[in-house]
Structure formats: structure tokens, C-alpha cells
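Student: Dropping in entry20.cif, which is mmCIF, C-alpha atoms:
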data_target
loop_
_atom_site.group_PDB
_atom_site.id
_atom_site.type_symbol
_atom_site.label_atom_id
_atom_site.label_comp_id
_atom_site.auth_asym_id
_atom_site.auth_seq_id
_atom_site.Cartn_x
_atom_site.Cartn_y
_atom_site.Cartn_z
ATOM 1 C CA MET A 42 247.324 44.946 217.973
ATOM 2 C CA LEU A 43 246.217 45.547 214.409
ATOM 3 C CA ASN A 44 244.762 42.052 214.053
ATOM 4 C CA TRP A 45 243.044 41.974 217.432
ATOM 5 C CA ARG A 46 239.513 40.577 217.262
ATOM 6 C CA PRO A 47 237.340 40.944 220.359
ATOM 7 C CA ASP A 48 235.185 38.029 219.264
ATOM 8 C CA TYR A 49 238.254 35.727 219.268
ATOM 9 C CA ASP A 50 238.490 36.005 223.061
ATOM 10 C CA ILE A 51 234.787 35.241 223.333
ATOM 11 C CA GLU A 52 235.181 32.228 221.032
ATOM 12 C CA GLN A 53 238.066 30.929 223.126
ATOM 13 C CA GLU A 54 236.149 31.381 226.375
ATOM 14 C CA THR A 55 233.105 29.694 224.861
ATOM 15 C CA GLU A 56 235.194 26.736 223.740
ATOM 16 C CA GLN A 57 236.784 26.448 227.182
ATOM 17 C CA LEU A 58 233.348 26.534 228.817
ATOM 18 C CA LYS A 59 232.146 23.770 226.484
ATOM 19 C CA ILE A 60 235.134 21.624 227.446
ATOM 20 C CA GLU A 61 234.533 22.251 231.149
ATOM 21 C CA SER A 62 230.840 21.511 230.712
ATOM 22 C CA ARG A 63 231.568 18.145 229.060
ATOM 23 C CA ALA A 64 234.010 17.295 231.846
ATOM 24 C CA SER A 65 231.393 18.194 234.457
ATOM 25 C CA GLU A 66 228.784 16.059 232.678
ATOM 26 C CA ASN A 67 231.192 13.120 232.623
ATOM 27 C CA LEU A 68 231.868 13.520 236.353
ATOM 28 C CA MET A 69 228.150 13.736 237.056
ATOM 29 C CA LEU A 70 227.432 10.582 235.029
ATOM 30 C CA ALA A 71 230.216 8.731 236.833
ATOM 31 C CA SER A 72 228.832 9.862 240.185
ATOM 32 C CA GLU A 73 225.332 8.728 239.241
ATOM 33 C CA LYS A 74 226.713 5.351 238.160
ATOM 34 C CA ARG A 75 228.549 4.948 241.489
ATOM 35 C CA LEU A 76 225.382 5.939 243.351
ATOM 36 C CA LEU A 77 223.315 3.323 241.508
ATOM 37 C CA GLU A 78 225.952 0.669 242.206
ATOM 38 C CA SER A 79 225.982 1.639 245.884
ATOM 39 C CA GLU A 80 222.204 1.441 246.041
ATOM 40 C CA LYS A 81 222.306 -2.040 244.474
ATOM 41 C CA ARG A 82 224.928 -3.192 247.000
ATOM 42 C CA LEU A 83 222.899 -1.713 249.855
ATOM 43 C CA LYS A 84 219.792 -3.550 248.674
ATOM 44 C CA LEU A 85 221.735 -6.834 248.470
ATOM 45 C CA LEU A 86 223.124 -6.296 251.965
ATOM 46 C CA GLN A 87 219.660 -5.549 253.344
ATOM 47 C CA GLU A 88 218.292 -8.712 251.722
ATOM 48 C CA SER A 89 221.190 -10.744 253.122
ATOM 49 C CA ASN A 90 220.665 -9.286 256.584
ATOM 50 C CA ALA A 91 216.968 -10.140 256.418
ATOM 51 C CA ARG A 92 217.779 -13.749 255.428
ATOM 52 C CA ILE A 93 220.308 -14.024 258.238
ATOM 53 C CA ALA A 94 217.811 -12.619 260.733
ATOM 54 C CA ARG A 95 215.167 -15.145 259.606
ATOM 55 C CA PHE A 96 217.699 -17.971 259.835
ATOM 56 C CA GLU A 97 218.785 -16.906 263.325
ATOM 57 C CA GLN A 98 215.173 -16.607 264.445
ATOM 58 C CA GLU A 99 214.390 -20.097 263.166
ATOM 59 C CA LEU A 100 217.575 -21.524 264.630
ATOM 60 C CA PHE A 101 217.161 -20.013 268.075
ATOM 61 C CA SER A 102 213.423 -20.569 268.333
ATOM 62 C CA SER A 103 213.581 -24.265 267.370
ATOM 63 C CA SER A 104 216.562 -25.359 269.461
ATOM 64 C CA PRO A 105 216.169 -26.046 273.172
ATOM 65 C CA PRO A 106 218.210 -23.771 275.390
ATOM 66 C CA THR A 107 221.478 -25.299 276.497
ATOM 67 C CA PRO A 108 221.908 -25.642 280.210
ATOM 68 C CA SER A 109 224.358 -23.241 281.700
ATOM 69 C CA THR A 110 227.213 -24.849 283.603
ATOM 70 C CA GLY A 111 228.956 -21.649 284.470
ATOM 71 C CA ASP A 112 231.925 -22.801 282.408
ATOM 72 C CA SER A 113 232.428 -20.980 279.110
ATOM 73 C CA SER A 114 234.774 -23.615 277.642
ATOM 74 C CA PRO A 115 233.371 -25.984 274.993
ATOM 75 C CA THR A 116 232.467 -29.510 276.115
#
Translate this structure into C-alpha cells?
Tutor:
Amino acid sequence: MLNWRPDYDIEQETEQLKIESRASENLMLASEKRLLESEKRLKLLQESNARIARFEQELFSSSPPTPSTGDSSPT
């Protein structure tokens, strides 16, 4: 152990921590990107649901009710 340098171990640990930190940052950025994409999809779905609800409301409020014959088969 004549060439043992205590600062070498510290340098190695520091380098490993830097690598782990970069990996964590990359994972965090990927997670944020997925979250933003999910929020965009959710917004699109909410807009689509609102359009469908308006369409259904218009459709059902403007059409006269069909008389019930007690038979569920199509005519």
C-alpha cells in the first residue's frame, strides 16, 4: 500500500455520484416529458368528451321520442 492515495477513493466516489446524478436527471426529464404528453392526451380526451356530450344533447333534445312498442328488436 505504498502508493495508496486517500483522495483517489474520494475522486472515484465523486465520479460515480456524478454519473448517477446524470442518470437521475435523465430519468426525471423523461418522466416530465411523459407527464406533459399525458396531460396533452387528457386535455384532448376532455375536449372530445365535451363535443360528444354537446352532440348527444343536441341529438336527443331535437329528435322526438320514439314510441315504445315493448319489443326491443329493430323495425
Student: So how far away is atom CA of Leu100 of chain A from atom CA of Lys84 of chain A, in Å?
Tutor: 24.1 Å
Student: Quick one, how far is atom CA of Ile60 of chain A from atom CA of Leu76 of chain A?
Tutor: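 Answer for the atom CA of Ile60 of chain A to atom CA of Leu76 of chain A separation: 24.4 Å.
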Student: One decimal, in Å: what's the spacing between atom CA of Glu52 of chain A and atom CA of Met69 of chain A?
Tutor: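 Spanning atom CA of Glu52 of chain A to atom CA of Met69 of chain A is a straight-line distance of 25.5 Å.
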